[in-house]
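Participant: Okay, so here is upload_14.cif, and as you'll see once you scroll down, it has mmCIF, C-alpha atoms and all ligand atoms; chains and numbers go by the auth columns.
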```cif
data_data
#
loop_
_atom_site.group_PDB
_atom_site.id
_atom_site.type_symbol
_atom_site.label_atom_id
_atom_site.label_comp_id
_atom_site.label_asym_id
_atom_site.label_seq_id
_atom_site.Cartn_x
_atom_site.Cartn_y
_atom_site.Cartn_z
_atom_site.B_iso_or_equiv
_atom_site.auth_seq_id
_atom_site.auth_asym_id
ATOM 1 C CA MET A 1 -12.214 -19.829 7.105 0.00 225 W
ATOM 2 C CA ASP A 2 -14.707 -17.528 5.412 0.00 226 W
ATOM 3 C CA LYS A 3 -13.962 -14.056 4.113 0.00 227 W
ATOM 4 C CA ALA A 4 -15.273 -12.268 7.223 0.00 228 W
ATOM 5 C CA GLU A 5 -12.954 -14.343 9.428 0.00 229 W
ATOM 6 C CA ALA A 6 -10.028 -13.657 7.092 0.00 230 W
ATOM 7 C CA LEU A 7 -10.746 -9.914 7.278 0.00 231 W
ATOM 8 C CA ALA A 8 -10.912 -10.073 11.090 0.00 232 W
ATOM 9 C CA PHE A 9 -7.537 -11.871 11.236 0.00 233 W
ATOM 10 C CA PHE A 10 -6.115 -9.335 8.789 0.00 234 W
ATOM 11 C CA ALA A 11 -7.312 -6.383 10.896 0.00 235 W
ATOM 12 C CA THR A 12 -5.965 -7.949 14.113 0.00 236 W
ATOM 13 C CA GLY A 13 -2.603 -8.704 12.513 0.00 237 W
ATOM 14 C CA MET A 14 -2.270 -5.213 11.042 0.00 238 W
ATOM 15 C CA LYS A 15 -3.079 -3.633 14.426 0.00 239 W
ATOM 16 C CA ALA A 16 -0.402 -5.777 16.107 0.00 240 W
ATOM 17 C CA ILE A 17 2.180 -4.636 13.551 0.00 241 W
ATOM 18 C CA LYS A 18 1.135 -0.979 13.937 0.00 242 W
ATOM 19 C CA ASP A 19 1.429 -1.325 17.730 0.00 243 W
ATOM 20 C CA THR A 20 4.922 -2.756 17.224 0.00 244 W
ATOM 21 C CA PHE A 21 5.970 0.272 15.167 0.00 245 W
ATOM 22 C CA SER A 22 4.527 2.545 17.840 0.00 246 W
ATOM 23 C CA ALA A 23 6.569 0.732 20.524 0.00 247 W
ATOM 24 C CA LEU A 24 9.733 0.977 18.404 0.00 248 W
ATOM 25 C CA LYS A 25 9.230 4.730 17.985 0.00 249 W
ATOM 26 C CA THR A 26 8.693 5.150 21.729 0.00 250 W
ATOM 27 C CA ALA A 27 11.862 3.141 22.437 0.00 251 W
ATOM 28 C CA LYS A 28 13.798 5.212 19.894 0.00 252 W
ATOM 29 C CA GLU A 29 12.949 8.400 21.807 0.00 253 W
ATOM 30 C CA LEU A 30 14.722 6.956 24.860 0.00 254 W
ATOM 31 C CA LEU A 31 18.046 6.836 22.991 0.00 255 W
ATOM 32 C CA PRO A 32 20.541 9.668 23.377 0.00 256 W
ATOM 33 C CA ASP A 33 20.587 12.178 20.506 0.00 257 W
ATOM 34 C CA ASN A 34 23.392 10.989 18.277 0.00 258 W
ATOM 35 C CA ARG A 35 24.024 9.499 14.838 0.00 259 W
ATOM 36 C CA ASN A 36 22.770 6.058 15.916 0.00 260 W
ATOM 37 C CA LYS A 37 19.408 7.544 16.868 0.00 261 W
ATOM 38 C CA VAL A 38 19.142 9.197 13.442 0.00 262 W
ATOM 39 C CA GLU A 39 19.995 5.911 11.690 0.00 263 W
ATOM 40 C CA ILE A 40 17.550 3.916 13.842 0.00 264 W
ATOM 41 C CA SER A 41 14.845 6.488 13.133 0.00 265 W
ATOM 42 C CA LYS A 42 15.457 6.243 9.369 0.00 266 W
ATOM 43 C CA THR A 43 15.359 2.429 9.514 0.00 267 W
ATOM 44 C CA ILE A 44 12.067 2.421 11.452 0.00 268 W
ATOM 45 C CA ASP A 45 10.551 4.937 8.997 0.00 269 W
ATOM 46 C CA GLU A 46 11.607 2.818 5.995 0.00 270 W
ATOM 47 C CA ALA A 47 10.242 -0.359 7.594 0.00 271 W
ATOM 48 C CA GLU A 48 6.942 1.375 8.374 0.00 272 W
ATOM 49 C CA HIS A 49 6.727 2.675 4.784 0.00 273 W
ATOM 50 C CA ASN A 50 7.269 -0.871 3.444 0.00 274 W
ATOM 51 C CA PHE A 51 4.708 -2.228 5.893 0.00 275 W
ATOM 52 C CA LYS A 52 2.093 0.254 4.630 0.00 276 W
ATOM 53 C CA ILE A 53 2.722 -0.853 1.041 0.00 277 W
ATOM 54 C CA ALA A 54 2.368 -4.519 2.074 0.00 278 W
ATOM 55 C CA GLU A 55 -0.776 -3.702 4.068 0.00 279 W
ATOM 56 C CA ALA A 56 -2.366 -2.064 1.013 0.00 280 W
ATOM 57 C CA GLN A 57 -1.425 -5.023 -1.204 0.00 281 W
ATOM 58 C CA ILE A 58 -2.891 -7.543 1.254 0.00 282 W
ATOM 59 C CA ALA A 59 -6.058 -5.455 1.648 0.00 283 W
ATOM 60 C CA GLN A 60 -6.433 -5.311 -2.126 0.00 284 W
ATOM 61 C CA GLY A 61 -6.070 -9.102 -2.229 0.00 285 W
ATOM 62 C CA LEU A 62 -8.891 -9.347 0.316 0.00 286 W
ATOM 63 C CA GLY A 63 -11.205 -7.294 -1.895 0.00 287 W
ATOM 64 C CA TYR A 64 -10.692 -3.749 -0.638 0.00 288 W
ATOM 65 C CA GLU A 65 -10.282 -0.865 -3.063 0.00 289 W
ATOM 66 C CA ILE A 66 -7.161 1.268 -2.917 0.00 290 W
ATOM 67 C CA CYS A 67 -7.033 5.071 -3.275 0.00 291 W
ATOM 68 C CA GLN A 68 -3.956 6.516 -4.906 0.00 292 W
ATOM 69 C CA CYS A 69 -4.253 9.986 -3.344 0.00 293 W
ATOM 70 C CA LYS A 70 -1.115 9.241 -1.288 0.00 294 W
ATOM 71 C CA PHE A 71 1.803 6.873 -1.306 0.00 295 W
ATOM 72 C CA PRO A 72 1.811 4.338 0.224 0.00 296 W
ATOM 73 C CA PRO A 73 -1.749 3.898 -1.071 0.00 297 W
ATOM 74 C CA VAL A 74 -4.735 4.308 1.257 0.00 298 W
ATOM 75 C CA ILE A 75 -7.135 1.419 1.949 0.00 299 W
ATOM 76 C CA MET A 76 -10.714 2.440 1.154 0.00 300 W
ATOM 77 C CA THR A 77 -13.442 1.078 3.439 0.00 301 W
ATOM 78 C CA ASN A 78 -16.866 -0.234 2.430 0.00 302 W
ATOM 79 C CA VAL A 79 -19.352 2.472 3.473 0.00 303 W
ATOM 80 C CA GLU A 80 -22.529 1.389 1.693 0.00 304 W
ATOM 81 C CA ASN A 81 -23.962 -1.030 -0.821 0.00 305 W
ATOM 82 C CA ILE A 82 -26.048 -0.162 -3.870 0.00 306 W
ATOM 83 C CA GLY A 83 -27.655 -3.409 -4.937 0.00 307 W
ATOM 84 C CA ASP A 84 -24.806 -5.898 -5.201 0.00 308 W
ATOM 85 C CA THR A 85 -22.209 -3.168 -5.648 0.00 309 W
ATOM 86 C CA LYS A 86 -20.038 -2.266 -2.671 0.00 310 W
ATOM 87 C CA ILE A 87 -19.242 1.442 -2.374 0.00 311 W
ATOM 88 C CA PHE A 88 -15.819 2.195 -0.887 0.00 312 W
ATOM 89 C CA LYS A 89 -14.642 5.522 0.540 0.00 313 W
ATOM 90 C CA CYS A 90 -11.114 6.804 1.117 0.00 314 W
ATOM 91 C CA PRO A 91 -10.631 7.930 4.742 0.00 315 W
ATOM 92 C CA GLU A 92 -7.978 10.447 3.613 0.00 316 W
ATOM 93 C CA CYS A 93 -9.537 12.337 0.679 0.00 317 W
ATOM 94 C CA GLY A 94 -13.181 11.198 0.786 0.00 318 W
ATOM 95 C CA LYS A 95 -13.163 9.864 -2.781 0.00 319 W
ATOM 96 C CA LYS A 96 -15.700 7.096 -3.402 0.00 320 W
ATOM 97 C CA PHE A 97 -15.274 4.064 -5.631 0.00 321 W
ATOM 98 C CA PRO A 98 -16.916 3.296 -7.940 0.00 322 W
ATOM 99 C CA GLU A 99 -17.668 6.925 -8.673 0.00 323 W
ATOM 100 C CA LEU A 100 -21.373 7.772 -9.005 0.00 324 W
ATOM 101 C CA ASP A 101 -21.064 8.704 -12.700 0.00 325 W
ATOM 102 C CA ASN A 102 -19.557 5.289 -13.397 0.00 326 W
ATOM 103 C CA MET A 103 -22.346 3.619 -11.404 0.00 327 W
ATOM 104 C CA LEU A 104 -25.031 5.360 -13.466 0.00 328 W
ATOM 105 C CA PHE A 105 -23.148 4.454 -16.623 0.00 329 W
ATOM 106 C CA ALA A 106 -22.892 0.825 -15.523 0.00 330 W
ATOM 107 C CA LYS A 107 -26.585 0.689 -14.586 0.00 331 W
ATOM 108 C CA ALA A 108 -27.577 2.121 -17.982 0.00 332 W
ATOM 109 C CA TYR A 109 -25.822 -0.816 -19.607 0.00 333 W
ATOM 110 C CA THR A 110 -27.150 -3.511 -17.297 0.00 334 W
ATOM 111 C CA THR A 111 -30.821 -2.459 -17.278 0.00 335 W
HETATM 112 ZN ZN ZN B . -7.835 9.095 -1.173 0.00 401 W
#
```
Take the structure in this file and express it as structure tokens.
Facilitator:
Amino acid sequence: MDKAEALAFFATGMKAIKDTFSALKTAKELLPDNRNKVEISKTIDEAEHNFKIAEAQIAQGLGYEICQCKFPPVIMTNVENIGDTKIFKCPECGKKFPELDNMLFAKAYTT
């Protein structure tokens, strides 16, 4: 399996898990309003929080950059390439990595 295939499997798997959380939240709304519903809601929220941390860690392992503007961290997506350098952008805050100043600094040292 090459990296592109691994990324496709990763994206498909993450979508399936997100869909599962969505279904759990929909099912939770069908419960009567009582203490059990509050506890179930808290458990689903904690599980989703842990999933987002795991998702970010797996994405980082697959070569994505992580933005720390929020917690759990946000997965930055590859928006452009400058030479061999991939430029990633955070979908939440718009921050790019590597930052342009660092790119110019790096180029000054490599040329
Ligand atoms: Zn961000």
Participant: Show me which residues are within 7 Å of ligand ZN 401 (chain W) counting all atoms listed in the file, and format the list as a count of residues only.
Facilitator: 11
Participant: With distances taken over all atoms listed in the file, which of W:Glu279, W:Ile268, W:Pro297, W:Ile306 is nearest to W:Ala251?
Facilitator: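 Once distances to W:Ala251 are computed over all atoms listed in the file, the minimum belongs to W:Ile268.
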Participant: Restricting the calculation to all atoms listed in the file, which member of W:Pro322, W:Gly307, W:Pro296, W:Gly287 is positioned closest to W:Ala230?
Facilitator: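 Nearest candidate to W:Ala230 out of W:Pro322, W:Gly307, W:Pro296, W:Gly287: W:Gly287.
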Participant: Nearest residue to W:Asp226 out of W:Thr309, W:Leu286, W:Glu272, W:Ile299, using all atoms listed in the file?
Facilitator: W:Leu286
Participant: Pick the closest to W:Phe295 from W:Ile282, W:Ile311, W:Met225, W:Asn274: which is it, counting only C-alpha atoms?
Facilitator: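 Between W:Ile282, W:Ile311, W:Met225, W:Asn274, the residue approaching W:Phe295 most closely is W:Asn274.
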Participant: Given only C-alpha atoms as the basis, pick out the residue of W:Ala283, W:Lys252, W:Glu304, W:Glu289 nearest to W:Gly237.
Facilitator: W:Ala283
Participant: I'd like the interatomic distance between atom CA of W:Ala240 and atom CA of W:Ala278, to a tenth of an Å.
Facilitator: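 So the answer is 14.4 Å.
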Participant: Name the closest residue to W:Asn305 among the candidates W:Lys320, W:His273, W:Lys239, W:Lys227; distances are taken between atoms, counting all atoms listed in the file.
Facilitator: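 Ranked by minimum distance to W:Asn305, first place goes to W:Lys320.
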Participant: When the PyMOL selection byres (((chain W and resi 249) around 12) and not hetatm) is applied to the file above, which residues end up in the set, as a list in words?
Facilitator: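 Answer for the PyMOL selection byres (((chain W and resi 249) around 12) and not hetatm): Lys242, Asp243, Thr244, Phe245, Ser246, Ala247, Leu248, Thr250, Ala251, Lys252, Glu253, Leu254, Leu255, Lys261, Val262, Ile264, Ser265, Lys266, Thr267, Ile268, Asp269, Ala271 and Glu272 of chain W.
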Participant: State, in Å with one decimal place, the distance from atom CA of W:Lys313 to atom CA of W:Thr301.
Facilitator: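 Interatomic distance here is 5.4 Å.
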Participant: What is the distance, in Å and to one decimal place, between atom CA of W:Asn302 and atom CA of W:Tyr288?
Facilitator: 7.7 Å
Participant: Would you mind exporting chain W with C-alpha atoms, as a tab-separated table (two decimals), in the first residue's frame?
Facilitator:
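Dumped to decode28.tsv:
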```
chain	number	residue	atom	x	y	z
W	225	MET	CA	0.00	0.00	0.00
W	226	ASP	CA	1.42	3.38	-0.97
W	227	LYS	CA	0.96	6.59	0.97
W	228	ALA	CA	-1.96	7.83	-1.17
W	229	GLU	CA	-3.84	4.58	-0.53
W	230	ALA	CA	-3.09	4.81	3.20
W	231	LEU	CA	-4.43	8.38	3.26
W	232	ALA	CA	-7.60	7.28	1.42
W	233	PHE	CA	-8.18	4.46	3.94
W	234	PHE	CA	-7.52	6.90	6.78
W	235	ALA	CA	-10.06	9.42	5.42
W	236	THR	CA	-12.68	6.69	4.87
W	237	GLY	CA	-12.15	5.28	8.36
W	238	MET	CA	-12.33	8.69	10.02
W	239	LYS	CA	-15.57	9.50	8.16
W	240	ALA	CA	-17.11	6.20	9.32
W	241	ILE	CA	-16.22	7.02	12.94
W	242	LYS	CA	-17.59	10.57	12.61
W	243	ASP	CA	-20.82	9.15	11.14
W	244	THR	CA	-21.02	6.79	14.12
W	245	PHE	CA	-20.76	9.70	16.57
W	246	SER	CA	-23.44	11.54	14.61
W	247	ALA	CA	-25.75	8.49	14.85
W	248	LEU	CA	-25.09	8.19	18.60
W	249	LYS	CA	-25.99	11.85	19.11
W	250	THR	CA	-29.19	11.42	17.10
W	251	ALA	CA	-30.10	8.33	19.15
W	252	LYS	CA	-29.36	10.20	22.38
W	253	GLU	CA	-31.94	12.86	21.46
W	254	LEU	CA	-34.61	10.14	21.39
W	255	LEU	CA	-34.08	9.38	25.09
W	256	PRO	CA	-36.34	10.97	27.69
W	257	ASP	CA	-34.85	13.98	29.50
W	258	ASN	CA	-33.42	12.53	32.68
W	259	ARG	CA	-30.11	11.88	34.43
W	260	ASN	CA	-29.30	8.93	32.15
W	261	LYS	CA	-29.55	11.17	29.10
W	262	VAL	CA	-27.14	13.66	30.70
W	263	GLU	CA	-24.67	10.87	31.53
W	264	ILE	CA	-24.93	9.35	28.04
W	265	SER	CA	-24.39	12.78	26.51
W	266	LYS	CA	-21.27	13.35	28.64
W	267	THR	CA	-19.90	9.91	27.70
W	268	ILE	CA	-20.45	10.52	23.97
W	269	ASP	CA	-18.79	13.96	24.24
W	270	GLU	CA	-15.75	12.48	26.03
W	271	ALA	CA	-15.45	9.67	23.48
W	272	GLU	CA	-15.67	12.16	20.61
W	273	HIS	CA	-13.01	14.35	22.26
W	274	ASN	CA	-10.68	11.33	22.58
W	275	PHE	CA	-11.41	10.34	18.99
W	276	LYS	CA	-10.38	13.81	17.76
W	277	ILE	CA	-7.09	13.55	19.65
W	278	ALA	CA	-6.45	10.10	18.13
W	279	GLU	CA	-7.42	11.39	14.68
W	280	ALA	CA	-4.88	14.22	14.96
W	281	GLN	CA	-2.16	11.82	16.14
W	282	ILE	CA	-2.82	9.40	13.26
W	283	ALA	CA	-2.88	12.27	10.75
W	284	GLN	CA	0.44	13.53	12.09
W	285	GLY	CA	1.85	10.01	11.67
W	286	LEU	CA	0.71	10.09	8.04
W	287	GLY	CA	2.61	13.32	7.40
W	288	TYR	CA	0.00	16.01	8.04
W	289	GLU	CA	0.85	19.11	10.05
W	290	ILE	CA	-1.15	19.91	13.16
W	291	CYS	CA	-2.34	23.39	14.22
W	292	GLN	CA	-2.53	24.06	17.92
W	293	CYS	CA	-5.10	26.87	17.70
W	294	LYS	CA	-7.64	24.58	19.40
W	295	PHE	CA	-7.71	21.44	21.47
W	296	PRO	CA	-8.06	18.75	20.28
W	297	PRO	CA	-5.57	19.93	17.64
W	298	VAL	CA	-6.72	20.71	14.09
W	299	ILE	CA	-5.40	18.75	11.09
W	300	MET	CA	-3.90	21.11	8.52
W	301	THR	CA	-4.42	20.22	4.85
W	302	ASN	CA	-1.89	20.49	2.02
W	303	VAL	CA	-2.98	23.51	-0.05
W	304	GLU	CA	0.03	24.10	-2.28
W	305	ASN	CA	3.61	23.08	-2.94
W	306	ILE	CA	6.60	25.39	-3.26
W	307	GLY	CA	9.30	23.30	-4.87
W	308	ASP	CA	9.52	20.14	-2.78
W	309	THR	CA	7.98	21.83	0.26
W	310	LYS	CA	4.34	21.10	1.05
W	311	ILE	CA	2.40	24.09	2.38
W	312	PHE	CA	-0.32	23.19	4.89
W	313	LYS	CA	-3.22	25.41	5.98
W	314	CYS	CA	-5.40	25.19	9.09
W	315	PRO	CA	-9.11	25.08	8.16
W	316	GLU	CA	-10.00	26.73	11.50
W	317	CYS	CA	-7.67	29.75	11.80
W	318	GLY	CA	-6.09	29.95	8.33
W	319	LYS	CA	-2.52	29.69	9.63
W	320	LYS	CA	-0.07	28.23	7.10
W	321	PHE	CA	2.86	25.94	7.82
W	322	PRO	CA	5.69	26.43	7.23
W	323	GLU	CA	5.19	30.15	7.64
W	324	LEU	CA	6.40	32.28	4.72
W	325	ASP	CA	9.12	33.99	6.79
W	326	ASN	CA	10.52	30.58	7.71
W	327	MET	CA	10.38	29.51	4.05
W	328	LEU	CA	12.40	32.55	2.96
W	329	PHE	CA	14.82	31.92	5.80
W	330	ALA	CA	15.18	28.27	4.79
W	331	LYS	CA	15.67	29.17	1.12
W	332	ALA	CA	18.38	31.70	2.03
W	333	TYR	CA	20.31	28.88	3.67
W	334	THR	CA	19.80	26.30	0.94
W	335	THR	CA	20.62	28.51	-2.06
```
